[in-house]
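Novice: Okay, so here is my_file.csv, and as you'll see once you scroll down, it has CSV, C-alpha atoms.
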chain,number,residue,atom,x,y,z
A,17,MET,CA,76.4,-12.4,164.4
A,18,LEU,CA,80.0,-11.8,165.5
A,19,VAL,CA,79.8,-15.0,167.6
A,20,LEU,CA,78.7,-16.9,164.5
A,21,PHE,CA,81.5,-15.4,162.5
A,22,VAL,CA,84.1,-16.4,165.1
A,23,ARG,CA,82.7,-19.9,165.4
A,24,VAL,CA,83.0,-20.4,161.6
A,25,LEU,CA,86.5,-19.1,161.6
A,26,ILE,CA,87.6,-21.5,164.3
A,27,LEU,CA,86.0,-24.5,162.5
A,28,TYR,CA,87.5,-23.3,159.2
A,29,LEU,CA,91.0,-23.2,160.7
A,30,LEU,CA,90.5,-26.5,162.3
A,31,ILE,CA,89.4,-28.2,159.0
A,32,PHE,CA,92.2,-26.4,157.1
A,33,PHE,CA,94.9,-27.8,159.4
A,34,VAL,CA,93.3,-31.2,159.6
A,35,LEU,CA,93.1,-31.5,155.8
A,36,ARG,CA,96.6,-30.2,155.4
A,37,LEU,CA,98.0,-32.5,157.9
A,38,THR,CA,96.3,-35.5,156.3
A,39,GLY,CA,97.8,-34.5,153.0
A,40,LYS,CA,94.7,-33.8,150.9
A,41,ARG,CA,95.1,-32.0,147.6
A,42,GLN,CA,92.4,-31.8,145.0
A,43,LEU,CA,89.2,-33.7,144.9
A,44,GLY,CA,90.3,-35.6,141.8
A,45,GLU,CA,93.2,-37.3,143.6
A,46,LEU,CA,91.1,-38.6,146.5
A,47,GLN,CA,90.4,-42.2,147.0
A,48,PRO,CA,86.9,-43.2,148.2
A,49,PHE,CA,88.0,-43.4,151.9
A,50,ASP,CA,89.5,-39.9,151.6
A,51,LEU,CA,86.5,-38.5,149.8
A,52,VAL,CA,84.2,-39.9,152.5
A,53,MET,CA,86.3,-38.4,155.3
A,54,THR,CA,86.5,-35.0,153.5
A,55,LEU,CA,82.7,-34.8,153.1
A,56,LEU,CA,82.1,-36.0,156.6
A,57,ILE,CA,84.4,-33.4,158.1
A,58,ALA,CA,82.5,-30.7,156.1
A,59,ASP,CA,79.1,-32.0,157.4
A,60,LEU,CA,80.3,-32.3,161.0
A,61,ALA,CA,81.5,-28.7,161.0
A,62,ALA,CA,78.3,-27.3,159.4
A,63,VAL,CA,75.9,-27.8,162.3
A,64,PRO,CA,77.8,-26.1,165.1
A,65,ALA,CA,79.0,-23.5,162.7
A,66,SER,CA,75.5,-22.2,162.0
A,67,ASN,CA,73.8,-23.0,165.3
A,68,THR,CA,75.1,-21.1,168.3
A,69,GLY,CA,73.0,-23.3,170.6
A,70,GLU,CA,75.3,-26.2,169.9
A,71,PRO,CA,78.6,-26.1,171.6
A,72,LEU,CA,81.6,-25.8,169.3
A,73,ILE,CA,82.9,-29.0,170.9
A,74,TYR,CA,80.2,-30.9,169.0
A,75,GLY,CA,82.1,-30.1,165.9
A,76,ILE,CA,85.7,-30.1,167.2
A,77,VAL,CA,85.6,-33.5,168.9
A,78,PRO,CA,84.3,-35.5,165.8
A,79,ILE,CA,86.7,-33.7,163.5
A,80,LEU,CA,89.6,-34.5,165.8
A,81,ALA,CA,88.4,-38.1,166.2
A,82,LEU,CA,88.3,-38.5,162.4
A,83,PHE,CA,91.8,-36.9,162.1
A,84,LEU,CA,93.2,-39.4,164.7
A,85,CYS,CA,91.5,-42.3,162.9
A,86,GLN,CA,93.0,-41.2,159.6
A,87,GLN,CA,96.5,-40.8,161.2
A,88,VAL,CA,96.4,-44.2,162.9
A,89,VAL,CA,95.1,-46.0,159.7
A,90,SER,CA,97.7,-44.1,157.6
A,91,TYR,CA,100.5,-45.1,159.9
A,92,LEU,CA,99.4,-48.8,160.0
A,93,SER,CA,99.1,-48.8,156.2
A,94,LEU,CA,102.6,-47.6,156.0
A,95,LYS,CA,103.9,-50.3,158.4
A,96,SER,CA,101.9,-53.3,157.3
A,97,ASP,CA,101.3,-54.6,153.8
A,98,GLY,CA,98.2,-56.4,155.0
A,99,VAL,CA,96.6,-53.3,156.4
A,100,ARG,CA,97.5,-51.4,153.2
A,101,LYS,CA,95.8,-54.0,151.1
A,102,VAL,CA,92.6,-53.8,153.2
A,103,VAL,CA,92.6,-50.0,153.4
A,104,CYS,CA,93.9,-48.9,150.0
A,105,GLY,CA,93.0,-51.9,147.9
A,106,GLN,CA,95.1,-53.2,145.2
A,107,SER,CA,95.7,-52.2,141.6
A,108,VAL,CA,94.1,-54.5,139.1
A,109,LEU,CA,95.6,-55.5,135.7
A,110,LEU,CA,92.9,-55.0,133.1
A,111,ILE,CA,95.0,-55.5,130.0
A,112,ALA,CA,98.2,-57.7,130.1
A,113,ARG,CA,100.4,-58.1,127.1
A,114,GLY,CA,97.7,-56.7,124.9
A,115,VAL,CA,95.0,-59.1,126.2
A,116,VAL,CA,92.0,-57.8,128.0
A,117,GLN,CA,91.6,-59.7,131.3
A,118,GLU,CA,87.9,-60.5,131.3
A,119,GLU,CA,87.8,-61.8,134.9
A,120,ALA,CA,89.6,-58.8,136.2
A,121,LEU,CA,87.2,-56.6,134.3
A,122,ARG,CA,84.2,-58.4,135.8
A,123,ALA,CA,85.7,-58.3,139.3
A,124,SER,CA,86.2,-54.6,139.0
A,125,ARG,CA,82.7,-54.1,137.6
A,126,TYR,CA,84.1,-52.6,134.5
A,127,THR,CA,82.6,-53.1,131.1
A,128,ILE,CA,84.5,-52.9,127.9
A,129,ASN,CA,82.8,-49.5,127.3
A,130,ASP,CA,84.1,-48.2,130.6
A,131,LEU,CA,87.6,-49.5,129.7
A,132,MET,CA,87.5,-47.9,126.3
A,133,GLU,CA,86.4,-44.6,127.9
A,134,GLN,CA,89.3,-44.6,130.2
A,135,LEU,CA,91.7,-45.5,127.5
A,136,ARG,CA,90.5,-42.7,125.3
A,137,GLY,CA,91.2,-40.4,128.2
A,138,LYS,CA,94.8,-41.5,128.0
A,139,ASN,CA,94.9,-40.9,124.2
A,140,ALA,CA,94.7,-44.6,123.4
A,141,PHE,CA,91.8,-44.9,121.0
A,142,THR,CA,92.1,-48.6,120.3
A,143,ILE,CA,92.8,-51.5,122.6
A,144,SER,CA,95.3,-52.9,120.1
A,145,ASP,CA,97.6,-50.0,121.0
A,146,VAL,CA,97.8,-50.9,124.6
A,147,GLU,CA,100.2,-53.3,126.1
A,148,TYR,CA,99.2,-52.9,129.8
A,149,ALA,CA,96.4,-51.1,131.5
A,150,ILE,CA,96.2,-51.0,135.3
A,151,LEU,CA,93.2,-49.9,137.3
A,152,GLU,CA,94.7,-48.0,140.2
A,153,THR,CA,93.2,-47.8,143.7
A,154,ASN,CA,91.9,-44.3,143.1
A,155,GLY,CA,89.9,-45.4,140.1
A,156,ASP,CA,92.3,-44.0,137.5
A,157,VAL,CA,93.6,-46.2,134.7
A,158,SER,CA,97.3,-46.2,133.9
A,159,VAL,CA,98.2,-47.1,130.4
A,160,LEU,CA,101.4,-48.5,128.9
A,161,LEU,CA,101.3,-48.4,125.1
A,162,LYS,CA,102.9,-51.0,122.9
A,163,GLY,CA,106.4,-50.2,121.9
A,164,THR,CA,105.4,-49.4,118.3
A,165,LYS,CA,102.9,-46.8,119.5
A,166,GLN,CA,105.2,-45.1,122.0
A,167,GLN,CA,106.7,-41.8,121.2
A,168,PRO,CA,110.4,-42.1,120.5
A,169,ASP,CA,112.7,-40.0,122.6
A,170,TYR,CA,116.1,-38.3,121.9
A,171,THR,CA,118.1,-41.4,122.7
A,172,ALA,CA,116.2,-43.3,120.0
A,173,PHE,CA,117.6,-40.9,117.4
A,174,SER,CA,120.9,-40.6,119.2
A,175,LEU,CA,120.3,-36.9,119.6
A,176,PRO,CA,121.6,-34.9,122.6
A,177,PRO,CA,118.6,-34.1,124.8
A,178,PRO,CA,117.8,-30.6,125.6
A,179,ARG,CA,118.8,-29.2,129.0
A,180,ALA,CA,116.3,-30.3,131.6
A,181,ALA,CA,115.8,-27.6,134.2
A,182,PRO,CA,112.7,-26.3,135.9
A,183,PRO,CA,111.4,-22.9,135.0
A,184,TYR,CA,111.8,-20.3,137.6
A,185,MET,CA,109.1,-17.7,138.3
A,186,LEU,CA,111.3,-14.7,139.0
A,187,VAL,CA,108.6,-12.0,139.1
A,188,GLN,CA,105.0,-12.9,140.1
A,189,ASP,CA,102.2,-10.3,140.2
A,190,GLY,CA,104.7,-7.5,140.0
A,191,ARG,CA,106.8,-8.7,143.0
A,192,LEU,CA,110.3,-10.1,142.9
A,193,ARG,CA,110.8,-13.6,144.2
A,194,PRO,CA,114.4,-13.5,145.6
A,195,GLU,CA,114.5,-17.2,146.4
A,196,GLU,CA,113.7,-18.2,142.9
A,197,LEU,CA,116.2,-15.7,141.5
A,198,ARG,CA,118.8,-17.3,143.8
A,199,LYS,CA,117.9,-20.8,142.7
A,200,ALA,CA,118.1,-19.7,139.0
A,201,GLY,CA,121.7,-18.5,139.7
A,202,ARG,CA,120.9,-14.9,138.7
A,203,ASP,CA,121.0,-11.6,140.5
A,204,GLU,CA,118.9,-8.5,140.6
A,205,ALA,CA,121.2,-6.5,138.4
A,206,TRP,CA,120.8,-9.1,135.6
A,207,LEU,CA,117.1,-9.2,136.0
A,208,ARG,CA,116.7,-5.4,135.9
A,209,GLU,CA,118.8,-5.3,132.8
A,210,LYS,CA,116.6,-7.9,131.1
A,211,LEU,CA,113.4,-6.3,132.3
A,212,ALA,CA,114.5,-3.1,130.8
A,213,LEU,CA,114.5,-4.8,127.4
A,214,ALA,CA,110.9,-5.6,128.0
A,215,ASP,CA,110.2,-1.9,128.8
A,216,CYS,CA,109.8,-2.5,132.5
A,217,ARG,CA,111.7,-0.1,134.7
A,218,ALA,CA,110.4,-1.6,137.9
A,219,TYR,CA,109.2,-5.1,139.0
A,220,GLY,CA,105.7,-3.7,139.4
A,221,GLU,CA,105.5,-3.1,135.7
A,222,ALA,CA,105.8,-6.8,134.9
A,223,PHE,CA,102.9,-9.1,135.5
A,224,PHE,CA,105.2,-12.0,135.5
A,225,ALA,CA,108.7,-13.0,134.4
A,226,PHE,CA,109.9,-16.6,134.3
A,227,LEU,CA,113.1,-18.1,133.2
A,228,ASP,CA,112.7,-21.1,130.9
A,229,SER,CA,115.0,-24.1,130.9
A,230,ASP,CA,116.6,-23.0,127.7
A,231,GLY,CA,117.5,-19.7,129.3
A,232,THR,CA,114.8,-17.6,127.7
A,233,LEU,CA,113.2,-15.0,130.0
A,234,HIS,CA,109.4,-14.8,129.3
A,235,VAL,CA,108.1,-11.4,130.5
A,236,GLN,CA,104.6,-10.1,130.3
A,237,THR,CA,103.9,-6.5,131.2
A,238,THR,CA,100.9,-5.6,133.3
A,239,ALA,CA,97.5,-4.8,131.8
A,240,LYS,CA,98.1,-1.1,132.6
A,241,ARG,CA,101.2,-1.3,130.3
A,242,GLY,CA,99.4,-3.1,127.6
A,243,ALA,CA,99.9,-6.7,128.7
A,244,ARG,CA,102.7,-7.2,126.1
A,245,PRO,CA,104.7,-10.5,126.1
A,246,TYR,CA,108.4,-10.5,125.5
A,247,TYR,CA,110.9,-13.4,125.0
A,248,ILE,CA,114.4,-12.4,126.0
A,249,ARG,CA,117.4,-14.5,125.3
A,250,ASP,CA,120.0,-14.8,127.9
A,251,GLU,CA,123.1,-14.2,125.7
A,252,PRO,CA,125.1,-11.1,124.9
A,253,CYS,CA,123.9,-9.3,121.9
A,254,GLU,CA,125.6,-6.6,119.8
A,255,GLU,CA,122.4,-4.7,119.9
A,256,MET,CA,120.6,-5.1,123.2
A,257,SER,CA,117.2,-4.6,121.5
A,258,ALA,CA,117.9,-7.7,119.3
A,259,CYS,CA,117.8,-9.9,122.5
A,260,ALA,CA,114.2,-9.1,123.2
A,261,ARG,CA,111.7,-10.5,120.8
A,262,ARG,CA,108.0,-9.9,120.8
A,263,PRO,CA,105.7,-12.6,119.3
A,264,SER,CA,104.3,-11.4,116.0
A,265,ALA,CA,100.8,-10.0,116.2
A,266,ARG,CA,98.1,-12.2,114.7
B,27,MET,CA,93.7,-44.0,151.2
B,28,ARG,CA,97.2,-43.6,150.1
B,29,PRO,CA,99.8,-44.2,152.9
B,30,LYS,CA,102.2,-41.3,153.2
B,31,THR,CA,105.4,-40.7,155.1
B,32,PHE,CA,104.8,-40.2,158.8
B,33,SER,CA,106.7,-37.2,159.8
B,34,ALA,CA,107.5,-35.7,163.2
B,35,LEU,CA,104.7,-33.2,162.5
B,36,ASP,CA,102.2,-36.0,162.1
B,37,PHE,CA,103.3,-37.6,165.4
B,38,ILE,CA,103.1,-34.3,167.2
B,39,SER,CA,99.7,-33.3,165.8
B,40,SER,CA,98.3,-36.7,166.5
B,41,ALA,CA,99.6,-36.6,170.1
B,42,LEU,CA,98.2,-33.2,170.7
B,43,ALA,CA,94.8,-34.2,169.3
B,44,ALA,CA,94.8,-37.4,171.4
B,45,LEU,CA,95.8,-35.4,174.6
B,46,PHE,CA,93.1,-32.8,174.0
B,47,LEU,CA,90.5,-35.5,173.4
B,48,LEU,CA,91.6,-37.3,176.5
B,49,PHE,CA,91.2,-34.2,178.5
B,50,LEU,CA,87.7,-33.7,177.1
B,51,PHE,CA,86.8,-37.3,177.9
B,52,ILE,CA,88.0,-37.2,181.5
B,53,TYR,CA,87.5,-33.6,182.9
B,54,PRO,CA,83.8,-33.1,182.1
B,55,HIS,CA,83.0,-36.6,183.4
B,56,ILE,CA,84.7,-35.8,186.7
B,57,LYS,CA,83.0,-32.5,187.0
B,58,LEU,CA,79.6,-33.9,186.2
B,59,ASN,CA,79.9,-36.7,188.6
B,60,ALA,CA,81.0,-34.3,191.3
B,61,MET,CA,78.0,-32.0,190.6
B,62,ARG,CA,75.6,-35.0,190.7
B,63,ASP,CA,77.2,-36.2,194.0
B,64,ASP,CA,76.7,-32.7,195.5
B,65,ILE,CA,73.2,-32.0,194.2
B,66,VAL,CA,71.5,-35.3,194.7
B,67,PRO,CA,71.9,-35.2,198.6
B,68,LEU,CA,70.7,-31.5,198.5
B,69,CYS,CA,67.6,-32.7,196.6
B,70,ASP,CA,67.0,-35.3,199.3
B,71,ALA,CA,67.4,-32.5,202.0
B,72,VAL,CA,64.8,-30.4,200.1
B,73,VAL,CA,62.3,-33.2,200.0
B,74,GLU,CA,62.8,-33.9,203.7
B,75,ALA,CA,62.4,-30.3,204.6
B,76,VAL,CA,59.3,-29.9,202.4
B,77,GLU,CA,57.7,-33.0,203.9
B,78,ALA,CA,58.5,-31.6,207.4
B,79,GLY,CA,56.9,-28.3,206.4
B,80,ASP,CA,60.2,-26.4,206.9
B,81,PHE,CA,60.1,-24.3,203.8
B,82,GLU,CA,62.9,-22.0,205.0
B,83,GLU,CA,65.2,-24.9,205.2
B,84,ALA,CA,63.9,-26.2,201.9
B,85,LEU,CA,64.6,-22.7,200.3
B,86,ALA,CA,68.1,-22.6,201.7
B,87,ARG,CA,68.9,-26.1,200.3
B,88,GLY,CA,67.3,-25.0,197.0
B,89,GLU,CA,69.5,-21.9,196.8
B,90,GLU,CA,72.5,-24.2,197.4
B,91,ILE,CA,71.4,-26.4,194.5
B,92,ARG,CA,71.2,-23.4,192.2
B,93,ALA,CA,74.6,-22.0,193.4
B,94,ARG,CA,76.2,-25.4,192.9
B,95,PHE,CA,74.8,-25.7,189.4
B,96,LEU,CA,75.8,-22.2,188.4
B,97,GLU,CA,79.4,-22.9,189.6
B,98,ASP,CA,80.0,-25.1,186.6
B,99,GLU,CA,77.5,-23.4,184.2
B,100,THR,CA,80.2,-22.2,181.9
B,101,MET,CA,81.7,-25.6,181.5
B,102,PHE,CA,78.3,-27.1,180.9
B,103,ARG,CA,77.6,-24.7,178.1
B,104,LEU,CA,80.9,-25.7,176.5
B,105,ILE,CA,80.0,-29.4,176.4
B,106,PHE,CA,76.2,-29.6,176.3
B,107,ASP,CA,73.5,-28.4,174.1
B,108,HIS,CA,72.5,-25.0,175.5
B,109,GLU,CA,68.8,-26.1,175.5
B,110,ASP,CA,69.7,-28.9,178.0
B,111,VAL,CA,71.5,-26.4,180.3
B,112,ASP,CA,68.6,-24.0,180.1
B,113,SER,CA,66.1,-26.8,180.9
B,114,ALA,CA,68.1,-27.6,184.0
B,115,LEU,CA,68.2,-24.0,185.1
B,116,ASP,CA,64.5,-23.6,184.4
B,117,ALA,CA,63.8,-26.7,186.6
B,118,ILE,CA,65.8,-25.3,189.4
B,119,GLU,CA,64.1,-21.9,189.2
B,120,THR,CA,60.7,-23.6,189.1
B,121,LEU,CA,61.7,-25.6,192.2
B,122,LEU,CA,62.6,-22.4,194.1
B,123,LEU,CA,59.3,-20.8,193.0
B,124,MET,CA,57.3,-23.8,194.4
B,125,ILE,CA,59.2,-23.6,197.7
B,126,ARG,CA,58.6,-19.9,198.0
B,127,GLN,CA,54.9,-20.5,197.3
B,128,GLN,CA,55.1,-23.3,199.9
B,129,ASP,CA,53.5,-25.7,197.5
B,130,GLY,CA,54.8,-28.9,199.1
B,131,PRO,CA,53.6,-31.5,196.5
B,132,GLU,CA,54.8,-29.4,193.5
B,133,ALA,CA,58.1,-28.6,195.2
B,134,ALA,CA,58.6,-32.4,195.7
B,135,ILE,CA,57.8,-33.0,192.0
B,136,GLU,CA,60.2,-30.3,190.9
B,137,THR,CA,62.9,-31.7,193.2
B,138,GLU,CA,62.6,-35.1,191.5
B,139,ASN,CA,62.7,-33.3,188.1
B,140,VAL,CA,66.0,-31.5,189.1
B,141,ARG,CA,67.4,-34.8,190.4
B,142,SER,CA,66.6,-36.7,187.1
B,143,ILE,CA,68.0,-33.9,184.9
B,144,VAL,CA,71.3,-33.7,186.9
B,145,THR,CA,71.6,-37.5,186.8
B,146,PHE,CA,70.8,-37.5,183.1
B,147,LEU,CA,73.5,-34.9,182.4
B,148,ALA,CA,76.1,-36.8,184.4
B,149,GLY,CA,75.0,-40.0,182.6
B,150,ILE,CA,75.5,-38.6,179.1
B,151,GLU,CA,79.2,-38.5,179.5
B,152,THR,CA,79.3,-42.2,180.7
B,153,LEU,CA,80.3,-44.6,178.0
B,154,THR,CA,77.6,-47.2,177.9
B,155,PHE,CA,76.0,-49.3,175.1
B,156,MET,CA,72.7,-47.4,175.4
B,157,ASN,CA,74.5,-44.0,175.3
B,158,ILE,CA,76.3,-44.9,172.1
B,159,PHE,CA,73.1,-45.8,170.3
As structure tokens - that is how I would like this structure written.

Specialist:
Amino acid sequence: MLVLFVRVLILYLLIFFVLRLTGKRQLGELQPFDLVMTLLIADLAAVPASNTGEPLIYGIVPILALFLCQQVVSYLSLKSDGVRKVVCGQSVLLIARGVVQEEALRASRYTINDLMEQLRGKNAFTISDVEYAILETNGDVSVLLKGTKQQPDYTAFSLPPPRAAPPYMLVQDGRLRPEELRKAGRDEAWLREKLALADCRAYGEAFFAFLDSDGTLHVQTTAKRGARPYYIRDEPCEEMSACARRPSAR
Amino acid sequence: MRPKTFSALDFISSALAALFLLFLFIYPHIKLNAMRDDIVPLCDAVVEAVEAGDFEEALARGEEIRARFLEDETMFRLIFDHEDVDSALDAIETLLLMIRQQDGPEAAIETENVRSIVTFLAGIETLTFMNIF
């Protein structure tokens, strides 16, 4: 049994590193070629993993062979447009300047119903709202709405845009993340002061604390401390308690 | 398949995988051919000895066959189905039993069995059209 356990561990680690090195993320992002390879790798590992009569090499060699093929094809796709076209395929314009391209639809084996379904997934409930629709190589449809249907942005109203900055997760699962704190340009003394406003005397009392782009620190205490959320502004206040706001109970 | 940036890590990992596979392609092939080249003449010697009625000589050559096979048994179990390795060992043990029982015809048959198994195992690692399919 221990032998079986160790064999599965070895194959698991091998698959993990192979999939990481080939850049796989979630199943939804996979193109057909990637999906086939992922399923194949799983199938190849399954037999030697469960059968101690089969040498582990029977799983390792095919997986490495697939990995090498993937790397070679990936490299060639990068260097050659022709290879990329063959391997990845090409995006297809399904709607151009508001007109549904019937031949492209037929060539892609798409019906109008399929197209409508994809458009609805992109919040375009009528074809007349769409200027361009492109069928990507991974089967997803990208939609560019007509100008009149697009959401205006701040420049359209000559308004100053809000500050664009990523949120920083400063405390996660009760543990301080010093690197994020450093990136946010804050120090521990500042964080402890703010957490005190959220009734947290130690990092372990906060489930999470993240600093929003507008400078608001969102804190939620742990379940043991009532799982209470706080929104703490990052500005000096005459009364410190006025800086921390809890959302009103519903 | 989306092409991605090919980093140094990709090159290193691909090179390591290729080197490891190359080792697996070459080393077992060399060892199996060496084993076949050692055991086949010993099988001929067993058959000659059995035909001449010299079962002591046949037993000595049979023991050599077993010792030669066991030399690389660990490597065989790493690259072959264990059932195939067990079959080969069973055939060798059966051969030794037939020699001890001084059963000439059976010993000769078992010797041919051992020879064909050893040749088969060496042949598996040879890249041929038939082996692929």

Novice: Determine which residues of chain A sit within 6 Å of chain B, taking into account all atoms listed in the file, and present them as a PDB file with C-alpha atoms, in the frame of the given file.

Specialist:
ATOM      1  CA  GLN A  47      90.400 -42.200 147.000  1.00  0.00           C
ATOM      2  CA  PHE A  49      88.000 -43.400 151.900  1.00  0.00           C
ATOM      3  CA  ASP A  50      89.500 -39.900 151.600  1.00  0.00           C
ATOM      4  CA  GLY A  69      73.000 -23.300 170.600  1.00  0.00           C
ATOM      5  CA  GLU A  70      75.300 -26.200 169.900  1.00  0.00           C
ATOM      6  CA  PRO A  71      78.600 -26.100 171.600  1.00  0.00           C
ATOM      7  CA  SER A  90      97.700 -44.100 157.600  1.00  0.00           C
ATOM      8  CA  SER A  93      99.100 -48.800 156.200  1.00  0.00           C
ATOM      9  CA  LEU A  94     102.600 -47.600 156.000  1.00  0.00           C
ATOM     10  CA  CYS A 104      93.900 -48.900 150.000  1.00  0.00           C
TER      11      CYS A 104
END

Novice: Got a sec: who's within 9 Å of segment 190-201 of chain A, counting all atoms listed in the file, leaving out chain neighbours fewer than 5 positions off, as a list of chain:residue names?

Specialist: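 Residues meeting the cut-off are A:Pro183, A:Tyr184, A:Met185, A:Leu207, A:Ala218, A:Tyr219, A:Gly220, A:Glu221, A:Ala222, A:Phe223, A:Phe224, A:Ala225, A:Leu227, A:Thr237, A:Thr238.
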
Novice: May I have the residues within 6 Å of segment 143-148 of chain A as a PyMOL selection string, using only C-alpha atoms and disregarding those fewer than 3 positions away in the same chain?

Specialist: chain A and resi 111-114+159-162

Novice: Excluding Leu96 of chain B and residues on its chain fewer than 4 positions from it, collect all residues at most 12 Å away from it, counting only C-alpha atoms, and give them as an NGL selection string.

Specialist: :B and (61 or 65 or 89-92 or 100-103 or 111-112 or 114-115 or 118-119)

Novice: Rounded to one decimal, what separation in Å do you get between atom CA of Arg208 of chain A and atom CA of Ala181 of chain A?

Specialist: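 These two atoms are separated by 22.3 Å.
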
Novice: Quick test: take segment 58-64 of chain B, keep all heavy atoms, and write it as a compact mmCIF listing (two decimals), in the first residue's frame.

Specialist:
# COMPACT_ATOMS: atom_id res chain seq x y z
N LEU B 58 19.94 -4.95 -22.73
CA LEU B 58 19.17 -6.11 -23.21
C LEU B 58 19.91 -6.84 -24.32
O LEU B 58 19.91 -8.09 -24.36
CB LEU B 58 17.80 -5.64 -23.71
CG LEU B 58 16.82 -5.28 -22.60
CD1 LEU B 58 15.65 -4.48 -23.14
CD2 LEU B 58 16.32 -6.52 -21.87
N ASN B 59 20.53 -6.10 -25.21
CA ASN B 59 21.31 -6.75 -26.27
C ASN B 59 22.48 -7.52 -25.68
O ASN B 59 22.78 -8.65 -26.12
CB ASN B 59 21.83 -5.69 -27.27
CG ASN B 59 20.75 -5.26 -28.24
OD1 ASN B 59 19.71 -5.90 -28.35
ND2 ASN B 59 20.99 -4.16 -28.93
N ALA B 60 23.12 -6.93 -24.67
CA ALA B 60 24.26 -7.62 -24.01
C ALA B 60 23.78 -8.90 -23.34
O ALA B 60 24.43 -9.96 -23.44
CB ALA B 60 24.90 -6.69 -22.99
N MET B 61 22.60 -8.82 -22.67
CA MET B 61 22.05 -10.00 -22.01
C MET B 61 21.72 -11.08 -23.04
O MET B 61 22.04 -12.26 -22.85
CB MET B 61 20.79 -9.62 -21.23
CG MET B 61 20.17 -10.82 -20.53
SD MET B 61 18.42 -10.65 -20.21
CE MET B 61 17.73 -10.57 -21.82
N ARG B 62 21.10 -10.69 -24.14
CA ARG B 62 20.76 -11.66 -25.18
C ARG B 62 22.02 -12.28 -25.75
O ARG B 62 22.10 -13.51 -25.94
CB ARG B 62 19.96 -10.96 -26.30
CG ARG B 62 19.51 -11.91 -27.41
CD ARG B 62 19.18 -11.15 -28.66
NE ARG B 62 20.30 -10.33 -29.07
CZ ARG B 62 20.18 -9.21 -29.79
NH1 ARG B 62 18.98 -8.79 -30.19
NH2 ARG B 62 21.23 -8.52 -30.12
N ASP B 63 23.06 -11.46 -26.01
CA ASP B 63 24.30 -11.97 -26.58
C ASP B 63 25.02 -12.91 -25.62
O ASP B 63 25.78 -13.78 -26.05
CB ASP B 63 25.24 -10.79 -26.95
CG ASP B 63 24.66 -9.96 -28.07
OD1 ASP B 63 23.74 -10.44 -28.75
OD2 ASP B 63 25.11 -8.81 -28.27
N ASP B 64 24.80 -12.73 -24.31
CA ASP B 64 25.42 -13.64 -23.33
C ASP B 64 24.62 -14.92 -23.17
O ASP B 64 25.19 -16.01 -23.05
CB ASP B 64 25.54 -12.95 -21.96
CG ASP B 64 26.57 -11.84 -21.97
OD1 ASP B 64 27.43 -11.84 -22.88
OD2 ASP B 64 26.52 -10.98 -21.07
